[in-house]
Structures are given as C-alpha cells and as structure tokens.
Number of protein chains: 2
Amino acid sequence: MPYYVSGQIHESDQLIALWPEDAIAKRGIDLRLLHEVTGIDRAGKKVSLHDLDSGQVFEQEYEKLLIATGARAVRPDLPGIGLPGIFPLKEFQDGINLKAFIEKGKPRSGVIIGGGYIGVETAESFSRVGLDVTVVEALPRIMTIMDEDMAQLVADEMIQHGVRILAGRKVVGFEGEGQVRKVLLDDGGSLDADVVLLSIGVLPESRIAGDAGLELGERKAIKVDPYLRTTDPDIFAAGDCSTAFHRILKQDVFIPLGLTANRQGRMCGENIVAGLTGAGMRPFPGIIGTAVTKVFDLEIGRAGIGALEIERYKLGGISRVKIKAKNLPGYYPGATDIWVKLYYEDTSQVIVGGQIIGRDGSVLRIDTLAAAITARMRLEDLYSLDMAYAPPIAPVWDPLLIAARMGMK
Amino acid sequence: MPYYVSGQIHESDQLIALWPEDAIAKRGIDLRLLHEVTGIDRAGKKVSLHDLDSGQVFEQEYEKLLIATGARAVRPDLPGIGLPGIFPLKEFQDGINLKAFIEKGKPRSGVIIGGGYIGVETAESFSRVGLDVTVVEALPRIMTIMDEDMAQLVADEMIQHGVRILAGRKVVGFEGEGQVRKVLLDDGGSLDADVVLLSIGVLPESRIAGDAGLELGERKAIKVDPYLRTTDPDIFAAGDCSTAFHRILKQDVFIPLGLTANRQGRMCGENIVAGLTGAGMRPFPGIIGTAVTKVFDLEIGRAGIGALEIERYKLGGISRVKIKAKNLPGYYPGATDIWVKLYYEDTSQVIVGGQIIGRDGSVLRIDTLAAAITARMRLEDLYSLDMAYAPPIAPVWDPLLIAARMGMK
C-alpha cells in the first residue's frame, strides 16, 4: 500500500505509515499519486498534470495552490557519477537503497563527499558498520555551519574514531568497473571507494515556481511572505522549497530544516483554510537557525548567528565569548566537557547567537539559548536566569550562566 | 588542614577543597574558625564573638556585616531521637557520617522520614547499597513540590525499584538498644530500621538576626531587600538563611537552593564592596523556583508556579495543560516518555510555570521553560520557538512545543 509521508509518496512497506492512502481518501482528499505537475497557469488558475502511469496530460483548476516540492540533493555532473554505489541521502528511499547496497555488497571503503550535517552523520554510520571512511570537503574545513574552533572539535572527534578528513580537496570524478571503486581528486590523487555518499547540500525544487514567474529568493528558494504566500497571493509555498524569515537577520533565508518545514506546512494549511473561509491568517513566526546534530559521542548545537552569518551578511558590532566547562559538577562521576560560545551586540549586550558542543545530552541547552535569543535577552538577563541545579543534571553554575557572566566582564 | 567550604568549616581531608585556610589568609582575610557570633549590637556596630577553643568572649567591630548562617535540618523532638543511626543530611559531614555508619554497621533496613528532594534522592542511595527502604511522609503524598499527578510518577518509579512509601503517616518515636532498630508510627505500628534519615526539611538559621531585631519573612528567613540588605542597611544576608524575591509570585519567599545561595553570596559581596567604595549596587534578579532532581532513572524538573503555589498563595486566573510525549522521535531507538505540564495566565496566556518528568537528560528542558517564564512568553511565543531537532537529540516537534500548542487550543 502506498503511503503519504511528509509530502512524498513511497511504495515501500518499510516506511513509517503516517497517512495510509485510504485514510486520505476517507477524508475526501483527491490524492493523485504518480502525477507530475508540469506547469502553473496563474491567469487561468489551473495546473497542467501529467499522469505518469497512463501518459495522459490534463489540467486541474485551483482556487488556492500550495507548492510543497521540497529540496533535492545536489548531484554534481562529474565523470562516472552514474556508477552504481554512489548515493545521495535526501529521500527516505535513498537511505533504504544505501543500506541495502552496503548489506549486499559488503564494501570495505566509503567516501563521503561533503562535510556538512549529512556528511558527518553518515561518516559515523559508515564507521559503525566497519567501513574505512574518508570525508572529502572542498572548503578548507568541515561543518562550516559552526565556527572554526567549534568545528575543529567535531573534526577531532571524527579523527579519533578513525575517520579521515580531506579538507580543501575537490572530487573530480569516479572510476570503477560495473560499480564505483575510486574517487578521483583535483590534486591528481584518488581514494578507494566501494561506496560513495554525495552530501554536498540540497537545493530547493523551485523550477515550476520560477517558470510561473513567482519570485525566488536565497539559493532560488521560493520567496514567501509572512503568511507563506508567494508573490501570487493565491499560491502558497512551504517547506524545503521555500524561504523562511530569519528573526535575527531580519531577512528571508534558505535554511531547509525539519521543524521549519513542519511548521510552515501546518501554518500554510491553516492560512489557506483561513483565506478560503475569510478568517484571519497568522504570520509565520520566523526562524533563528537553530540546529543540532550528533557525531559519534559529540553533540553539536547552534542557534542565531555566528561567524558564518557575520561574514556572509557583513554584520558589525557583534562580540563573542567562549567558555569551556563541565556539563555536571566537576566532582560528579561522568562529568564531561562542554564548550559554550555566545554572540552578542556590543552596545546592547543582547545575545544574538550561540554554539554549544558537548556530550551526554548536554547540548539540549541550545534550546534555552534559542529562547534567550528569541526573547532578546542581554548577557545579564541570561546570567540572571534561575536555572536548574542538581548534581546528576547540571552544575550549580550552569555553563550558560558562566558564559553569560564571562561576556559581561 | 581545615577548609572553608561554602560557608562552613570542616576538619576532614575528604572534603572538596575550595579555599584552603592559608589561601584565605594570603588574601588578607582574618578567618576566625571555631568562633561563634553570639549577638549583634547594631547601635554600636559590633558583634559578640565566642572563641570556642579558648572560651574567651570578645567583641568585633564592623562597618558592613554579612549574615550567611545557612539553614539547619529540622530535627523533631521525638522519643529516641538521640539514638545512634538517626541522621540528618544537610552538612557535608552528615553525608560522611551516614556513609561511614552504613559501611561499618551493614544495616539491612532503612527508614526515610520525609518525601521531599532529600528523601527521595536518599531512598535511591539506600536502595542502591542494598537496604530495604521505606519512606514515611506525614502529608498525603511525597514530592509535594510537584503536582499530584506528576508526583505520582515519581512514587511509581520508586515503588518499581522496591521502595515502600507510607504517606499520611507520622513518626512518633524511635526504639532500639544502643542504636535505632524501630521507627514508631502514629497508627500504633512500627517499622524495622537499622538506619534512619531525617529529611523533613530545613529552617533558616536566623535566630541571631531575629534577636538583633532584624525583620524575618517566610518561615522566619531573614528578610532582604533587592540589594540583599536586611532591615538594617549595614547588615546584609545571603543564602539559605535569607529570603529571595520570587519573580512570578512578586514576593519574598524561602526556597533554599544552591544556585540562589551562590548567586546571593556573590552579589552580596559585590554590593558590600560597592557600598564601601560608593559604587552602585546591583539588585538581585530574583528566582522563579526552578528545581530539578533525579530519582532512580526518573528526572523531575519544575519552574515557576504550580498547584502548590496556586493553593498556598490563593492565585486565580491560571490554567494548565499537560501532555505526554517522547524525548526523541518515536521511531528512534531508546525514545522514552516525557511529561510536560504548563501553567499559564488565562487572559494573557503568559506562561507562569511548568513541570517536566522524563529520562535520559530530557528534563534539561526545564531551563528552556525557565527562560520562557522569565521572558514572560505566551503559549504562542513558546510554540513559535525555533527549537533543535535531530533524531538522537530531540523530535521535530519538541515536547515543549507540543505542550504549548495544546494549551493554545
């Protein structure tokens, strides 16, 4: 039975069932699986549909239209890219395919192209199933979403677990008989690779919107207003295909993440219904770029702005403070290191960003920082926070309080 | 070598050394160990000192005085209370004594009197060293700092680990030859007890302040103003002996906790110096009653106000919402239950309190709630928070977001 999962249609019974097809039909929804929308006629308020089964092409009228086409993994046009054993990891099915390939082919060496979230997470997975793993990153370092000093901690953790990192190196092609066996590098060298992961980012699936003349924003994501309408007020967009308003940067950005997509999807549905019934629409609250991941035993969190945004958006008047502390009282068994970095406005001392690296659940503190940033707390406000203390949970002076205090000096 | 530890003097080399005595002397501080202050002459600005070693009594002048006498464990005046094997657990030395007694005496049964933080935490410790444990609580239930439904989860966890809970039962005395062997109950029954913990709360050590005519507040804690001055502007008080301003209740309360004492101590020192040098003093930011503990595998957190404060301070116009969710995505291995309860003002929907129970570090979310409460976020503001999502760290819709959303309905 096909399932409707987070905006995508899958035919596998291994999938998590959210909405079985018959449940959708029961709710009076006309679900057209295997139908591709090939164009939008905004003046006529209809879309062209291509039935991929029958080959038939026809039109469908709409009153309000939602574009929720998501993003696609970037697939570089390199020699040998079509060889079996080279996988993206964007769709659910990608994961199933990759896992099946590894279980069947018993590869010994894995090369990961791209050292972002997906790359570092998969480096762990590859390593855990016994592969010899190399991460190749074209930029001078991995995890550029984090400050350089913080990303170095991530690299150290990976290296300690036997992962090789090749930064500042570009992949120029692939070789192999019948399947990939080698990754070719821009310095003339090569890497053994029985399996390759392509994790060099995603791009919004916005072609259909662009073709229809809708405005595109950062990285060609579909630009939406606070109510998630595109530049055509009858066409909404939500999720990884669209922009999201950044509350700190005060501009529309393309940061395709799970909570944003979920929240936009829900609000979009509510606003479309509100529009049809004449009720009031609600504005999307915006994001602050909160993100978190785990690589081996290291947890990595960030919220608001850091070195990346300061450079990319040419921001000034922002200072930072960094501390290293323990997640638990120093005397408590199992206390581990935690690093906290705060970014704050020089004049107001309002906190605008932060990064945390730690272990054992300690990075959940990034949410407290997200709340502080959203509430525009100053360093002193954060330092004044009545935080939890109990030896098995947190030290009497929480690392966030210590960081805020250090910044106040 | 005696050490100065959090306001107390100990003679044991097993202690955590914070400030060795000679380091204090090096800083020019005249540290008088084993000297008891027996009275304060506010008009003459001097204190009476009793040298416990020599028996000598003399006076010491002061310009500014700080009272940091802490709190003492309540010790009920019951028959047999003096029997060996009955311990409070307030001072560092209490813990050392209790541990030594258990290691030497090999008790089989332990009775804990009082089901608050110390009681439930020690129930776990007793249980882990193999004791047959009973908690006796005079009130109808344990952990009254939490709502009844939340406290029940704690009781269930303890019962599952073999701890017996006798609620609504008072202890009326102790029996034993040479050491405690029985705890006598108000219904005429008794419990075997080779070791007894007294954990029925603490009271502020405020006698000397009261004798000097300083105003006392809740539970006779020394009343302090925003600058931590008592009703005599030359006398400050800080820590477990004094009140603290509650930001939500907007009144002075007695909630003796570690961070409050640390923060008050630090601010008091700064304000005394500021007062002496003519610099500006800073107001204590207040508390919101954030507290957390762990009992066996269950973590228990609370912040702001709950059923206890609503009843005690006769508060109206406050609603609540409670949800049960998972700390991680439901499909992720090891996802565990988490309960979140929010209290909010009916009209404004401003969040004024919350309670969380969960496992595996998930209760660190209480700090995010503390930030939301302090920033006076409404349910919708919390729901709008850009929180962290990654399967090993948190689900796409964090339990806090789900709770806020449910409250908005």
# chains A, B, ... in the order shown; residues from 1 in each chain; ligands from 1

call {"tool": "interface_residues", "arguments": {"of": "chain A", "to": "chain B", "cutoff": "8 Å", "atoms": "only C-alpha atoms", "output": "JSON, numbers by chain"}}
result
{"A": [258, 259, 260, 262, 285, 286, 287, 288, 289, 290, 291, 292, 293, 294, 301, 360, 361, 362, 364, 365, 366, 367, 368, 369, 370, 371, 372, 374, 375, 377, 384, 385, 386, 387, 388, 389, 390, 392, 393, 396, 397]}

call {"tool": "select_by_dssp", "arguments": {"residues": "stretch 65-295 of chain B", "states": "strand (DSSP E or B)", "output": "MDAnalysis selection string"}}
result
chainID B and resid 65:67 71:73 86:88 109:113 132:137 164:167 171:175 182:185 190:192 195:198 202:204 216 222 229 235:237 242 244:246 251:253 287 291:295

call {"tool": "write_last_selection", "arguments": {"atoms": "C-alpha atoms", "output": "mmCIF file, in the first residue's frame"}}
result
data_model
loop_
_atom_site.group_PDB
_atom_site.id
_atom_site.type_symbol
_atom_site.label_atom_id
_atom_site.label_comp_id
_atom_site.auth_asym_id
_atom_site.auth_seq_id
_atom_site.Cartn_x
_atom_site.Cartn_y
_atom_site.Cartn_z
ATOM 1 C CA LEU B 65 28.046 42.840 58.267
ATOM 2 C CA LEU B 66 27.018 39.785 56.265
ATOM 3 C CA ILE B 67 24.904 37.060 57.824
ATOM 4 C CA ALA B 71 19.817 26.632 57.228
ATOM 5 C CA ARG B 72 19.628 23.663 59.560
ATOM 6 C CA ALA B 73 17.888 20.346 59.104
ATOM 7 C CA ILE B 86 19.494 8.547 63.046
ATOM 8 C CA PHE B 87 20.973 11.073 60.630
ATOM 9 C CA PRO B 88 20.073 14.358 59.051
ATOM 10 C CA SER B 109 16.575 -1.757 56.657
ATOM 11 C CA GLY B 110 16.487 1.991 56.227
ATOM 12 C CA VAL B 111 13.627 4.351 57.004
ATOM 13 C CA ILE B 112 13.493 7.789 55.457
ATOM 14 C CA ILE B 113 11.355 10.367 57.188
ATOM 15 C CA ASP B 132 15.246 -2.442 52.397
ATOM 16 C CA VAL B 133 13.823 1.099 52.170
ATOM 17 C CA THR B 134 10.655 2.726 53.459
ATOM 18 C CA VAL B 135 9.807 6.413 53.019
ATOM 19 C CA VAL B 136 7.417 7.799 55.636
ATOM 20 C CA GLU B 137 5.668 11.037 54.724
ATOM 21 C CA ARG B 164 7.955 1.288 50.099
ATOM 22 C CA ILE B 165 6.097 4.566 50.565
ATOM 23 C CA LEU B 166 3.962 5.218 53.619
ATOM 24 C CA ALA B 167 2.142 8.512 53.044
ATOM 25 C CA VAL B 171 6.591 9.077 63.010
ATOM 26 C CA VAL B 172 6.093 9.353 66.784
ATOM 27 C CA GLY B 173 9.337 7.909 68.102
ATOM 28 C CA PHE B 174 12.306 5.572 67.801
ATOM 29 C CA GLU B 175 13.351 2.432 69.682
ATOM 30 C CA LYS B 182 12.481 0.595 65.131
ATOM 31 C CA VAL B 183 10.548 3.621 63.922
ATOM 32 C CA LEU B 184 7.226 4.033 65.738
ATOM 33 C CA LEU B 185 4.205 5.268 63.763
ATOM 34 C CA SER B 190 6.263 0.270 63.647
ATOM 35 C CA LEU B 191 8.940 -0.224 61.005
ATOM 36 C CA ASP B 192 12.240 -2.058 61.247
ATOM 37 C CA VAL B 195 19.349 3.382 59.907
ATOM 38 C CA VAL B 196 17.060 6.425 59.753
ATOM 39 C CA LEU B 197 17.272 9.548 57.629
ATOM 40 C CA LEU B 198 15.629 12.735 58.880
ATOM 41 C CA VAL B 202 15.359 22.784 56.637
ATOM 42 C CA LEU B 203 14.794 26.028 58.551
ATOM 43 C CA PRO B 204 16.822 29.220 58.216
ATOM 44 C CA LEU B 216 12.149 37.961 59.384
ATOM 45 C CA ILE B 222 15.948 36.889 57.184
ATOM 46 C CA ARG B 229 20.317 44.221 52.784
ATOM 47 C CA ILE B 235 23.721 44.284 57.603
ATOM 48 C CA PHE B 236 23.398 42.012 54.580
ATOM 49 C CA ALA B 237 22.164 38.440 54.464
ATOM 50 C CA SER B 242 17.517 34.577 53.958
ATOM 51 C CA ALA B 244 14.690 35.515 47.981
ATOM 52 C CA PHE B 245 12.423 37.567 45.744
ATOM 53 C CA HIS B 246 10.203 35.388 43.556
ATOM 54 C CA GLN B 251 7.040 38.441 46.945
ATOM 55 C CA ASP B 252 9.856 37.284 49.182
ATOM 56 C CA VAL B 253 9.911 33.534 49.691
ATOM 57 C CA ILE B 287 14.196 33.467 41.446
ATOM 58 C CA ALA B 291 14.436 22.971 40.754
ATOM 59 C CA VAL B 292 15.367 19.588 39.427
ATOM 60 C CA THR B 293 16.252 16.203 40.816
ATOM 61 C CA LYS B 294 16.754 12.622 39.752
ATOM 62 C CA VAL B 295 15.287 9.560 41.427
#

call {"tool": "select_by_dssp", "arguments": {"residues": "stretch 211-291 of chain A", "states": "alpha helix (DSSP H)", "output": "list in words"}}
result
Asp211, Gly258, Leu259, Thr260, Ala261, Asn262, Arg263, Gln264, Gly265, Arg266, Met267, Cys268, Gly269, Glu270, Asn271, Ile272, Val273, Ala274, Gly275, Leu276 and Thr277 of chain A

call {"tool": "closest_residue", "arguments": {"among": "B:Glu59, B:Gly178, B:Phe101, B:Lys170", "to": "B:Pro140", "atoms": "only C-alpha atoms"}}
result
B:Lys170

call {"tool": "closest_residue", "arguments": {"among": "A:Gly407, A:Gly176, A:Gly334, A:Gly168", "to": "A:Gly80", "atoms": "only C-alpha atoms"}}
result
A:Gly176

call {"tool": "atom_distance", "arguments": {"atom1": "atom CA of B:Val57", "atom2": "atom CA of B:Asp41"}}
result
14.4 Å

call {"tool": "atom_distance", "arguments": {"atom1": "atom CA of B:Ser127", "atom2": "atom CA of B:Arg75"}}
result
23.4 Å

call {"tool": "residues_around", "arguments": {"residues": "B:Gly116", "least_positions_apart": "5", "cutoff": "9 Å", "atoms": "only C-alpha atoms", "output": "list in words"}}
result
Glu121, Glu137, Ile142, Met143, Thr144, Ile145, Ser199, Ile200 and Gly201 of chain B

call {"tool": "write_last_selection", "arguments": {"atoms": "C-alpha atoms", "output": "mmCIF file, in the first residue's frame"}}
result
data_model
loop_
_atom_site.group_PDB
_atom_site.id
_atom_site.type_symbol
_atom_site.label_atom_id
_atom_site.label_comp_id
_atom_site.auth_asym_id
_atom_site.auth_seq_id
_atom_site.Cartn_x
_atom_site.Cartn_y
_atom_site.Cartn_z
ATOM 1 C CA GLU B 121 17.232 11.029 46.477
ATOM 2 C CA GLU B 137 5.668 11.037 54.724
ATOM 3 C CA ILE B 142 5.508 12.567 48.584
ATOM 4 C CA MET B 143 7.149 15.318 46.488
ATOM 5 C CA THR B 144 4.569 17.985 47.236
ATOM 6 C CA ILE B 145 6.752 20.441 45.341
ATOM 7 C CA SER B 199 14.657 14.686 55.771
ATOM 8 C CA ILE B 200 11.686 16.741 56.828
ATOM 9 C CA GLY B 201 13.083 19.989 55.567
#

call {"tool": "residues_around", "arguments": {"residues": "B:Ile272", "least_positions_apart": "4", "cutoff": "7 Å", "atoms": "only C-alpha atoms", "output": "PDB file with C-alpha atoms, in the first residue's frame"}}
result
ATOM      1  CA  LYS B  64      29.197  46.218  56.991  1.00  0.00           C
ATOM      2  CA  CYS B 268      26.208  40.356  48.392  1.00  0.00           C
ATOM      3  CA  LEU B 276      32.062  50.726  50.888  1.00  0.00           C
TER       4      LEU B 276
END
